[in-house]
file work_37.json (JSON, C-alpha atoms)
[["chain", "number", "residue", "atom", "x", "y", "z"],
["A", 172, "MET", "CA", 0.00, 0.00, 0.00],
["A", 173, "HIS", "CA", 2.81, 2.40, 0.90],
["A", 174, "SER", "CA", 4.60, 1.66, -2.37],
["A", 175, "SER", "CA", 1.37, 2.25, -4.32],
["A", 176, "ALA", "CA", 0.91, 5.61, -2.58],
["A", 177, "ASN", "CA", 4.41, 6.67, -3.59],
["A", 178, "ILE", "CA", 3.79, 5.61, -7.18],
["A", 179, "ARG", "CA", 0.58, 7.64, -7.25],
["A", 180, "GLY", "CA", 2.46, 10.58, -5.75],
["A", 181, "ILE", "CA", 5.15, 10.34, -8.43],
["A", 182, "VAL", "CA", 2.52, 10.18, -11.19],
["A", 183, "PHE", "CA", 0.67, 13.21, -9.78],
["A", 184, "MET", "CA", 3.91, 15.18, -9.40],
["A", 185, "THR", "CA", 4.91, 14.39, -12.98],
["A", 186, "LEU", "CA", 1.46, 15.44, -14.22],
["A", 187, "ALA", "CA", 1.69, 18.66, -12.19],
["A", 188, "MET", "CA", 5.03, 19.56, -13.76],
["A", 189, "ALA", "CA", 3.62, 18.75, -17.21],
["A", 190, "GLY", "CA", 0.70, 21.08, -16.50],
["A", 191, "PHE", "CA", 2.95, 23.93, -15.38],
["A", 192, "SER", "CA", 5.29, 23.50, -18.36],
["A", 193, "CYS", "CA", 2.44, 23.39, -20.88],
["A", 194, "ASN", "CA", 0.95, 26.45, -19.20],
["A", 195, "ASP", "CA", 4.27, 28.27, -19.64],
["A", 196, "ALA", "CA", 4.41, 27.23, -23.29],
["A", 197, "LEU", "CA", 0.89, 28.50, -24.01],
["A", 198, "VAL", "CA", 1.68, 31.81, -22.32],
["A", 199, "LYS", "CA", 4.93, 32.09, -24.28],
["A", 200, "SER", "CA", 3.01, 31.50, -27.51],
["A", 201, "VAL", "CA", 0.93, 34.67, -27.04],
["A", 202, "THR", "CA", 3.69, 37.02, -25.83],
["A", 203, "GLY", "CA", 4.12, 38.35, -29.37],
["A", 204, "ALA", "CA", 0.43, 39.19, -29.69],
["A", 205, "MET", "CA", -0.16, 41.09, -26.45],
["A", 206, "ASN", "CA", 1.76, 42.65, -23.59],
["A", 207, "THR", "CA", 2.46, 41.13, -20.19],
["A", 208, "GLY", "CA", -0.25, 43.12, -18.44],
["A", 209, "GLN", "CA", -2.91, 41.94, -20.86],
["A", 210, "ILE", "CA", -1.79, 38.33, -20.51],
["A", 211, "MET", "CA", -1.90, 38.57, -16.71],
["A", 212, "PHE", "CA", -5.36, 40.15, -16.87],
["A", 213, "ILE", "CA", -7.04, 37.75, -19.29],
["A", 214, "ARG", "CA", -5.60, 34.55, -17.88],
["A", 215, "GLY", "CA", -5.90, 35.80, -14.31],
["A", 216, "LEU", "CA", -9.57, 36.63, -14.79],
["A", 217, "MET", "CA", -10.35, 33.09, -15.88],
["A", 218, "THR", "CA", -8.21, 31.58, -13.14],
["A", 219, "THR", "CA", -9.80, 33.78, -10.46],
["A", 220, "LEU", "CA", -13.32, 32.78, -11.49],
["A", 221, "MET", "CA", -12.45, 29.08, -11.34],
["A", 222, "ILE", "CA", -10.74, 29.35, -7.95],
["A", 223, "LEU", "CA", -13.59, 31.50, -6.59],
["A", 224, "VAL", "CA", -16.14, 28.81, -7.46],
["A", 225, "ILE", "CA", -14.00, 26.13, -5.80],
["A", 226, "ALA", "CA", -13.36, 28.26, -2.69],
["A", 227, "TYR", "CA", -17.09, 29.01, -2.35],
["A", 228, "ARG", "CA", -17.93, 25.33, -2.78],
["A", 229, "PHE", "CA", -15.59, 24.34, 0.06],
["A", 230, "GLY", "CA", -16.53, 27.23, 2.35],
["A", 231, "ALA", "CA", -13.04, 28.71, 2.20],
["A", 232, "LEU", "CA", -14.02, 32.35, 1.75],
["A", 233, "ARG", "CA", -13.27, 34.75, 4.60],
["A", 234, "PRO", "CA", -14.00, 38.45, 5.34],
["A", 235, "VAL", "CA", -12.07, 40.92, 3.18],
["A", 236, "ARG", "CA", -10.30, 42.33, 6.25],
["A", 237, "THR", "CA", -8.38, 39.05, 6.50],
["A", 238, "VAL", "CA", -6.37, 40.10, 3.44],
["A", 239, "PHE", "CA", -4.97, 43.12, 5.26],
["A", 240, "ARG", "CA", -2.76, 41.08, 7.56],
["A", 241, "PRO", "CA", 0.79, 42.23, 6.75],
["A", 242, "VAL", "CA", 2.13, 38.76, 5.96],
["A", 243, "ILE", "CA", -0.77, 38.03, 3.58],
["A", 244, "MET", "CA", -0.37, 41.39, 1.86],
["A", 245, "LEU", "CA", 3.36, 40.76, 1.43],
["A", 246, "ARG", "CA", 2.67, 37.30, 0.02],
["A", 247, "ILE", "CA", 0.20, 38.69, -2.50],
["A", 248, "ALA", "CA", 2.66, 41.39, -3.56],
["A", 249, "MET", "CA", 5.44, 38.82, -4.06],
["A", 250, "GLU", "CA", 3.15, 36.60, -6.14],
["A", 251, "ALA", "CA", 2.16, 39.52, -8.35],
["A", 252, "LEU", "CA", 5.82, 40.49, -8.86],
["A", 253, "ALA", "CA", 6.77, 36.89, -9.57],
["A", 254, "SER", "CA", 4.04, 36.61, -12.19],
["A", 255, "LEU", "CA", 5.02, 39.90, -13.78],
["A", 256, "THR", "CA", 8.71, 39.05, -14.03],
["A", 257, "TYR", "CA", 8.24, 35.48, -15.24],
["A", 258, "ILE", "CA", 5.71, 36.26, -17.95],
["A", 259, "SER", "CA", 7.83, 39.23, -19.10],
["A", 260, "ALA", "CA", 10.85, 36.95, -19.49],
["A", 261, "LEU", "CA", 9.08, 34.05, -21.22],
["A", 262, "GLY", "CA", 8.78, 35.91, -24.49],
["A", 263, "GLN", "CA", 12.47, 36.78, -24.58],
["A", 264, "ILE", "CA", 14.40, 33.65, -23.57],
["A", 265, "PRO", "CA", 14.05, 29.94, -24.34],
["A", 266, "LEU", "CA", 11.45, 28.08, -22.28],
["A", 267, "ALA", "CA", 14.04, 25.56, -21.07],
["A", 268, "ASN", "CA", 16.35, 28.33, -19.82],
["A", 269, "ALA", "CA", 13.56, 29.98, -17.84],
["A", 270, "SER", "CA", 12.55, 26.62, -16.39],
["A", 271, "ALA", "CA", 16.16, 25.78, -15.52],
["A", 272, "ILE", "CA", 16.66, 29.00, -13.57],
["A", 273, "MET", "CA", 13.36, 28.43, -11.73],
["A", 274, "GLN", "CA", 14.69, 25.06, -10.54],
["A", 275, "ALA", "CA", 16.85, 27.01, -8.09],
["A", 276, "LEU", "CA", 13.67, 27.90, -6.17],
["A", 277, "PRO", "CA", 14.03, 25.20, -3.44],
["A", 278, "LEU", "CA", 17.62, 26.35, -2.86],
["A", 279, "ALA", "CA", 16.47, 29.97, -2.58],
["A", 280, "VAL", "CA", 13.76, 28.97, -0.10],
["A", 281, "THR", "CA", 16.28, 27.07, 2.03],
["A", 282, "LEU", "CA", 18.58, 30.09, 1.93],
["A", 283, "GLY", "CA", 15.78, 32.45, 2.94],
["A", 284, "ALA", "CA", 14.60, 30.17, 5.73],
["A", 285, "ALA", "CA", 18.12, 30.08, 7.15],
["A", 286, "LEU", "CA", 18.67, 33.83, 6.92],
["A", 287, "PHE", "CA", 15.27, 35.13, 7.98],
["A", 288, "LEU", "CA", 13.43, 32.35, 9.83],
["A", 289, "GLY", "CA", 16.29, 30.84, 11.81],
["A", 290, "GLU", "CA", 16.03, 27.41, 10.15],
["A", 291, "PRO", "CA", 19.11, 25.30, 10.98],
["A", 292, "VAL", "CA", 21.21, 24.74, 7.86],
["A", 293, "GLY", "CA", 24.46, 22.80, 8.09],
["A", 294, "TRP", "CA", 27.59, 23.28, 6.06],
["A", 295, "ARG", "CA", 26.63, 20.55, 3.60],
["A", 296, "ARG", "CA", 23.44, 22.29, 2.59],
["A", 297, "TRP", "CA", 25.18, 25.67, 2.51],
["A", 298, "THR", "CA", 27.65, 24.11, 0.08],
["A", 299, "ALA", "CA", 24.81, 22.70, -2.02],
["A", 300, "ILE", "CA", 23.14, 26.13, -2.13],
["A", 301, "VAL", "CA", 26.34, 27.83, -3.31],
["A", 302, "ILE", "CA", 27.00, 25.15, -5.94],
["A", 303, "GLY", "CA", 23.37, 25.34, -7.10],
["A", 304, "PHE", "CA", 23.60, 29.08, -7.67],
["A", 305, "LEU", "CA", 26.85, 28.55, -9.54],
["A", 306, "GLY", "CA", 24.78, 26.29, -11.80],
["A", 307, "VAL", "CA", 22.40, 29.21, -12.35],
["A", 308, "LEU", "CA", 25.36, 31.37, -13.37],
["A", 309, "ILE", "CA", 26.36, 28.75, -15.92],
["A", 310, "VAL", "CA", 22.84, 28.82, -17.38],
["A", 311, "LEU", "CA", 23.03, 32.64, -17.44],
["A", 312, "ARG", "CA", 26.52, 32.56, -18.98],
["A", 313, "PRO", "CA", 27.78, 35.99, -17.91],
["A", 314, "GLY", "CA", 28.73, 37.82, -21.08],
["A", 315, "PRO", "CA", 27.16, 39.62, -24.05],
["A", 316, "GLU", "CA", 25.07, 36.64, -25.17],
["A", 317, "GLY", "CA", 23.89, 34.94, -21.99],
["A", 318, "PHE", "CA", 23.69, 37.60, -19.29],
["A", 319, "THR", "CA", 20.54, 39.25, -20.65],
["A", 320, "PRO", "CA", 17.98, 41.39, -18.80],
["A", 321, "ALA", "CA", 15.35, 38.71, -19.46],
["A", 322, "ALA", "CA", 17.46, 36.02, -17.79],
["A", 323, "LEU", "CA", 18.08, 38.29, -14.81],
["A", 324, "THR", "CA", 14.32, 38.88, -14.66],
["A", 325, "VAL", "CA", 13.81, 35.14, -14.11],
["A", 326, "VAL", "CA", 16.40, 35.25, -11.32],
["A", 327, "ALA", "CA", 14.36, 38.04, -9.72],
["A", 328, "CYS", "CA", 11.28, 35.84, -10.11],
["A", 329, "VAL", "CA", 13.03, 33.07, -8.16],
["A", 330, "PHE", "CA", 13.58, 35.35, -5.20],
["A", 331, "PHE", "CA", 10.08, 36.84, -5.37],
["A", 332, "THR", "CA", 8.63, 33.32, -5.39],
["A", 333, "ALA", "CA", 10.90, 32.19, -2.54],
["A", 334, "THR", "CA", 9.75, 35.17, -0.47],
["A", 335, "ARG", "CA", 6.16, 34.22, -1.28],
["A", 336, "ASP", "CA", 6.74, 30.69, 0.02],
["A", 337, "LEU", "CA", 8.42, 31.95, 3.19],
["A", 338, "CYS", "CA", 5.46, 34.28, 3.81],
["A", 339, "THR", "CA", 3.10, 31.35, 3.35],
["A", 340, "ARG", "CA", 4.77, 29.59, 6.26],
["A", 341, "ARG", "CA", 3.97, 32.55, 8.53],
["A", 342, "ILE", "CA", 0.24, 32.65, 7.74],
["A", 343, "GLY", "CA", -1.94, 31.22, 10.51],
["A", 344, "SER", "CA", -3.81, 27.95, 10.04],
["A", 345, "ASP", "CA", -7.10, 29.82, 10.45],
["A", 346, "VAL", "CA", -6.74, 31.18, 6.91],
["A", 347, "PRO", "CA", -7.64, 28.51, 4.30],
["A", 348, "SER", "CA", -5.21, 27.96, 1.45],
["A", 349, "LEU", "CA", -7.99, 28.43, -1.09],
["A", 350, "PHE", "CA", -8.78, 31.88, 0.32],
["A", 351, "ILE", "CA", -5.13, 32.89, -0.02],
["A", 352, "THR", "CA", -5.09, 31.54, -3.57],
["A", 353, "VAL", "CA", -8.27, 33.32, -4.70],
["A", 354, "THR", "CA", -7.23, 36.68, -3.23],
["A", 355, "THR", "CA", -3.76, 36.35, -4.74],
["A", 356, "ALA", "CA", -5.23, 35.49, -8.15],
["A", 357, "LEU", "CA", -7.62, 38.45, -7.95],
["A", 358, "VAL", "CA", -4.93, 40.98, -7.02],
["A", 359, "THR", "CA", -2.58, 39.65, -9.69],
["A", 360, "THR", "CA", -5.37, 40.03, -12.25],
["A", 361, "LEU", "CA", -5.98, 43.63, -11.16],
["A", 362, "VAL", "CA", -2.24, 44.38, -11.34],
["A", 363, "GLY", "CA", -2.21, 43.00, -14.87],
["A", 364, "GLY", "CA", -5.18, 45.17, -15.80],
["A", 365, "ALA", "CA", -3.46, 48.27, -14.40],
["A", 366, "LEU", "CA", -0.35, 47.55, -16.49],
["A", 367, "ILE", "CA", -2.08, 47.11, -19.85],
["A", 368, "VAL", "CA", -1.88, 50.79, -20.84],
["A", 369, "PRO", "CA", 1.67, 51.45, -19.50],
["A", 370, "PHE", "CA", 2.88, 48.34, -21.33],
["A", 371, "GLY", "CA", 1.52, 49.42, -24.71],
["A", 372, "GLY", "CA", -2.25, 49.28, -24.53],
["A", 373, "TRP", "CA", -4.92, 46.69, -25.25],
["A", 374, "GLN", "CA", -4.38, 44.56, -28.35],
["A", 375, "PRO", "CA", -7.11, 42.68, -30.23],
["A", 376, "VAL", "CA", -7.43, 39.14, -28.91],
["A", 377, "SER", "CA", -7.67, 36.48, -31.58],
["A", 378, "VAL", "CA", -9.57, 33.26, -31.08],
["A", 379, "THR", "CA", -6.23, 31.41, -31.03],
["A", 380, "SER", "CA", -4.74, 33.66, -28.35],
["A", 381, "PHE", "CA", -7.86, 33.45, -26.19],
["A", 382, "THR", "CA", -7.93, 29.67, -26.54],
["A", 383, "HIS", "CA", -4.26, 29.44, -25.55],
["A", 384, "LEU", "CA", -4.81, 31.58, -22.44],
["A", 385, "ALA", "CA", -7.95, 29.63, -21.50],
["A", 386, "GLY", "CA", -5.98, 26.41, -21.84],
["A", 387, "ALA", "CA", -3.14, 27.90, -19.78],
["A", 388, "SER", "CA", -5.61, 28.83, -17.04],
["A", 389, "VAL", "CA", -7.05, 25.31, -16.89],
["A", 390, "LEU", "CA", -3.59, 23.71, -16.92],
["A", 391, "LEU", "CA", -2.49, 26.01, -14.11],
["A", 392, "MET", "CA", -5.42, 24.89, -11.97],
["A", 393, "LEU", "CA", -4.82, 21.23, -12.78],
["A", 394, "GLY", "CA", -1.14, 21.64, -11.95],
["A", 395, "TYR", "CA", -1.84, 23.02, -8.50],
["A", 396, "GLN", "CA", -4.49, 20.39, -7.81],
["A", 397, "THR", "CA", -2.27, 17.47, -8.83],
["A", 398, "ILE", "CA", 0.68, 18.82, -6.84],
["A", 399, "VAL", "CA", -1.52, 18.81, -3.73],
["A", 400, "LEU", "CA", -2.54, 15.22, -4.47],
["A", 401, "ALA", "CA", 1.12, 14.29, -5.02],
["A", 402, "MET", "CA", 2.21, 15.65, -1.64],
["A", 403, "ARG", "CA", -0.69, 13.99, 0.16],
["A", 404, "ASP", "CA", -0.33, 10.57, -1.47],
["A", 405, "GLY", "CA", 3.38, 9.82, -1.21],
["A", 406, "ASP", "CA", 6.38, 10.42, 1.01],
["A", 407, "ILE", "CA", 7.73, 13.92, 0.42],
["A", 408, "SER", "CA", 11.31, 12.65, 0.19],
["A", 409, "VAL", "CA", 10.26, 10.27, -2.62],
["A", 410, "VAL", "CA", 7.85, 12.52, -4.50],
["A", 411, "ALA", "CA", 9.50, 15.97, -4.28],
["A", 412, "PRO", "CA", 12.55, 15.20, -6.49],
["A", 413, "PHE", "CA", 10.18, 14.47, -9.38],
["A", 414, "ARG", "CA", 9.53, 18.22, -9.59],
["A", 415, "TYR", "CA", 12.58, 18.23, -11.84],
["A", 416, "THR", "CA", 10.62, 16.37, -14.52],
["A", 417, "GLY", "CA", 9.36, 19.86, -15.33],
["A", 418, "LEU", "CA", 12.73, 20.49, -16.96],
["A", 419, "LEU", "CA", 12.28, 17.51, -19.27],
["A", 420, "TRP", "CA", 8.86, 18.81, -20.28],
["A", 421, "ALA", "CA", 10.22, 22.32, -20.85],
["A", 422, "ILE", "CA", 13.18, 21.13, -22.94],
["A", 423, "THR", "CA", 10.98, 18.82, -25.04],
["A", 424, "ILE", "CA", 8.32, 21.49, -25.63],
["A", 425, "GLY", "CA", 11.00, 24.06, -26.46],
["A", 426, "ILE", "CA", 12.57, 21.78, -29.07],
["A", 427, "ILE", "CA", 9.30, 20.67, -30.70],
["A", 428, "PHE", "CA", 7.24, 23.88, -30.67],
["A", 429, "PHE", "CA", 9.77, 26.74, -30.43],
["A", 430, "SER", "CA", 12.85, 25.21, -32.11],
["A", 431, "GLU", "CA", 14.88, 25.99, -28.97],
["A", 432, "ALA", "CA", 17.64, 23.40, -28.75],
["A", 433, "PRO", "CA", 19.54, 23.60, -25.43],
["A", 434, "ASP", "CA", 23.31, 23.98, -25.69],
["A", 435, "ARG", "CA", 25.93, 22.23, -23.58],
["A", 436, "TRP", "CA", 26.31, 25.15, -21.17],
["A", 437, "MET", "CA", 22.61, 25.17, -20.36],
["A", 438, "LEU", "CA", 22.60, 21.40, -19.86],
["A", 439, "THR", "CA", 25.70, 21.64, -17.64],
["A", 440, "GLY", "CA", 24.06, 24.31, -15.49],
["A", 441, "VAL", "CA", 20.86, 22.26, -15.28],
["A", 442, "ALA", "CA", 22.79, 19.20, -14.10],
["A", 443, "ILE", "CA", 24.47, 21.23, -11.34],
["A", 444, "ILE", "CA", 21.20, 22.86, -10.21],
["A", 445, "VAL", "CA", 19.32, 19.57, -10.15],
["A", 446, "GLY", "CA", 22.16, 17.76, -8.40],
["A", 447, "SER", "CA", 22.36, 20.44, -5.72],
["A", 448, "GLY", "CA", 18.60, 20.42, -5.26],
["A", 449, "LEU", "CA", 18.43, 16.64, -4.94],
["A", 450, "TYR", "CA", 21.24, 16.68, -2.40],
["A", 451, "THR", "CA", 19.43, 19.37, -0.42],
["A", 452, "PHE", "CA", 16.24, 17.28, -0.48],
["A", 453, "TYR", "CA", 18.25, 14.28, 0.74],
["A", 454, "ARG", "CA", 19.94, 16.14, 3.58],
["A", 455, "GLU", "CA", 16.68, 17.70, 4.72],
["A", 456, "SER", "CA", 14.87, 14.35, 4.66],
["A", 457, "LEU", "CA", 17.44, 13.01, 7.14],
["A", 458, "ARG", "CA", 16.31, 15.59, 9.69],
["A", 459, "GLY", "CA", 13.05, 13.76, 10.31],
["A", 460, "ARG", "CA", 10.84, 16.77, 9.56],
["A", 461, "GLN", "CA", 9.12, 18.30, 6.56],
["A", 462, "PRO", "CA", 11.98, 19.86, 4.58],
["A", 463, "VAL", "CA", 11.70, 23.56, 3.93],
["A", 464, "ALA", "CA", 13.02, 23.24, 0.37],
["A", 465, "GLN", "CA", 10.49, 20.56, -0.45],
["A", 466, "ARG", "CA", 7.60, 22.84, 0.47],
["A", 467, "SER", "CA", 8.49, 25.02, -2.51],
["A", 468, "LEU", "CA", 7.32, 22.96, -5.43],
["A", 469, "ALA", "CA", 5.69, 25.34, -7.86],
["A", 470, "GLY", "CA", 6.46, 28.62, -9.46],
["A", 471, "PRO", "CA", 4.25, 31.66, -9.69],
["A", 472, "LEU", "CA", 0.50, 31.16, -9.62],
["A", 473, "GLU", "CA", -0.03, 33.43, -12.59]]

call {"tool": "encode", "arguments": {"input": "work_37.json", "output": "structure tokens"}}
result
Amino acid sequence: MHSSANIRGIVFMTLAMAGFSCNDALVKSVTGAMNTGQIMFIRGLMTTLMILVIAYRFGALRPVRTVFRPVIMLRIAMEALASLTYISALGQIPLANASAIMQALPLAVTLGAALFLGEPVGWRRWTAIVIGFLGVLIVLRPGPEGFTPAALTVVACVFFTATRDLCTRRIGSDVPSLFITVTTALVTTLVGGALIVPFGGWQPVSVTSFTHLAGASVLLMLGYQTIVLAMRDGDISVVAPFRYTGLLWAITIGIIFFSEAPDRWMLTGVAIIVGSGLYTFYRESLRGRQPVAQRSLAGPLE
């Protein structure tokens, strides 16, 4: 029975990463037709409506004043910034490169937990964190070709998302996760709407673009649902490393649909980031508690 639960967890985790990667690809496909604000607004509106229905169905809605707790407001702000930076970068760099940089998220969360929350981190995990960020530098390839503003924007997204996850840990158990999700989605949608004009104005939305964003919204919801099922079904130490299957999806989609073949430097950086992350997962699982890095399994909501 325990083995079956782990297998189900692995399957759900793999499906979640497929959902997130396909969502990224659909968003990337419309970046040439509309600006980041418009993408955030249209997709966010659909996502918010779906989450709102689910939250209402499960009785997860709370008074509006709940949102004004400082830690919740900070979390919402970090999610909005993460969405803004990631979507902005997707149209400018290969999908696999963006996904590779985002794989440093668990390392960033561990770093933040050590620096700001007093989490105990031994020298082995400190070493893994440093090596992992060196892997990010290899993906970035400092120089005229690799060290682009778009790539640095994804790095900023990593730290915004890590801050979001650290804020989530500080939110009381009296606030349902679905309520946090629906308010975050709503604010992110409003931020996107406010940025439409500054980013170039509203562009006509073709049937293809709308379909892609609708599909992205559904895939995003399915990704978050399956990741919850994955973490509930199997052992975290077994299931969490399969988050890196997202890289395989991103590389495959990039090659097939965007003609983005990864070079040896990107693959080398990916290997270092993944190796460091897996080692961090392993060291944290030996502590006999839920690892802080393994709590950070998904990127931005929007």

call {"tool": "closest_residue", "arguments": {"input": "work_37.json", "among": "A:Thr439, A:Thr334, A:Thr451, A:Ser377", "to": "Leu305 in chain A", "atoms": "all atoms listed in the file"}}
result
A:Thr439

call {"tool": "atom_distance", "arguments": {"input": "work_37.json", "atom1": "CA of Ala401 in chain A", "atom2": "CA of Gly190 in chain A"}}
result
13.3 Å

call {"tool": "residues_around", "arguments": {"input": "work_37.json", "residues": "Gly262 in chain A", "least_positions_apart": "3", "cutoff": "12 Å", "atoms": "only C-alpha atoms", "output": "list in words"}}
result
Asp195, Ala196, Leu197, Val198, Lys199, Ser200, Val201, Thr202, Gly203, Ala204, Met205, Asn206, Thr207, Ile210, Thr256, Tyr257, Ile258, Ser259, Pro265, Leu266, Asn268, Ala269, Ala321, Ala322, Thr324, Val325 and Phe429 of chain A

call {"tool": "atom_distance", "arguments": {"input": "work_37.json", "atom1": "CA of Leu261 in chain A", "atom2": "CA of Ile222 in chain A"}}
result
24.3 Å

call {"tool": "closest_residue", "arguments": {"input": "work_37.json", "among": "A:Gly386, A:Gly363, A:Pro241, A:Gly215", "to": "Cys338 in chain A", "atoms": "only C-alpha atoms"}}
result
A:Pro241

call {"tool": "residues_around", "arguments": {"input": "work_37.json", "residues": "Val310 in chain A", "least_positions_apart": "2", "cutoff": "10 Å", "atoms": "all atoms listed in the file", "output": "PyMOL selection string"}}
result
chain A and resi 268-269+271-272+304-308+312-313+317-318+322+434-441+443-444

call {"tool": "atom_distance", "arguments": {"input": "work_37.json", "atom1": "CA of Ser456 in chain A", "atom2": "CA of Phe413 in chain A"}}
result
14.8 Å

call {"tool": "closest_residue", "arguments": {"input": "work_37.json", "among": "A:Thr397, A:Ser270, A:Thr382, A:Thr352", "to": "Ala251 in chain A", "atoms": "only C-alpha atoms"}}
result
A:Thr352

call {"tool": "closest_residue", "arguments": {"input": "work_37.json", "among": "A:Ala299, A:Thr354, A:Ala442, A:Met392", "to": "Leu418 in chain A", "atoms": "all atoms listed in the file"}}
result
A:Ala442

call {"tool": "closest_residue", "arguments": {"input": "work_37.json", "among": "A:Thr416, A:Thr339, A:Ser408, A:Ser344", "to": "Ile243 in chain A", "atoms": "all atoms listed in the file"}}
result
A:Thr339

call {"tool": "closest_residue", "arguments": {"input": "work_37.json", "among": "A:Phe452, A:Phe350, A:Tyr415, A:Trp373", "to": "Leu223 in chain A", "atoms": "only C-alpha atoms"}}
result
A:Phe350

call {"tool": "residues_near_point", "arguments": {"input": "work_37.json", "point": "(-11.4, 33.4, -4.7)", "cutoff": "10 Å", "atoms": "only C-alpha atoms", "output": "ChimeraX atom specification"}}
result
/A:218-227,231-233,349-357

call {"tool": "write_last_selection", "arguments": {"input": "work_37.json", "atoms": "C-alpha atoms", "output": "short mmCIF file (atom, residue, chain, number, x, y, z; two decimals), in the frame of the given file"}}
result
data_model
loop_
_atom_site.label_atom_id
_atom_site.label_comp_id
_atom_site.auth_asym_id
_atom_site.auth_seq_id
_atom_site.Cartn_x
_atom_site.Cartn_y
_atom_site.Cartn_z
CA THR A 218 -8.21 31.58 -13.14
CA THR A 219 -9.80 33.78 -10.46
CA LEU A 220 -13.32 32.78 -11.49
CA MET A 221 -12.45 29.08 -11.34
CA ILE A 222 -10.74 29.35 -7.95
CA LEU A 223 -13.59 31.50 -6.59
CA VAL A 224 -16.14 28.81 -7.46
CA ILE A 225 -14.00 26.13 -5.80
CA ALA A 226 -13.36 28.26 -2.69
CA TYR A 227 -17.09 29.01 -2.35
CA ALA A 231 -13.04 28.71 2.20
CA LEU A 232 -14.02 32.35 1.75
CA ARG A 233 -13.27 34.75 4.60
CA LEU A 349 -7.99 28.43 -1.09
CA PHE A 350 -8.78 31.88 0.32
CA ILE A 351 -5.13 32.89 -0.02
CA THR A 352 -5.09 31.54 -3.57
CA VAL A 353 -8.27 33.32 -4.70
CA THR A 354 -7.23 36.68 -3.23
CA THR A 355 -3.76 36.35 -4.74
CA ALA A 356 -5.23 35.49 -8.15
CA LEU A 357 -7.62 38.45 -7.95
#

call {"tool": "residues_near_point", "arguments": {"input": "work_37.json", "point": "(25.8, 20.4, 7.9)", "cutoff": "12 Å", "atoms": "only C-alpha atoms", "output": "ChimeraX atom specification"}}
result
/A:291-300,450-451,454-455,457-458
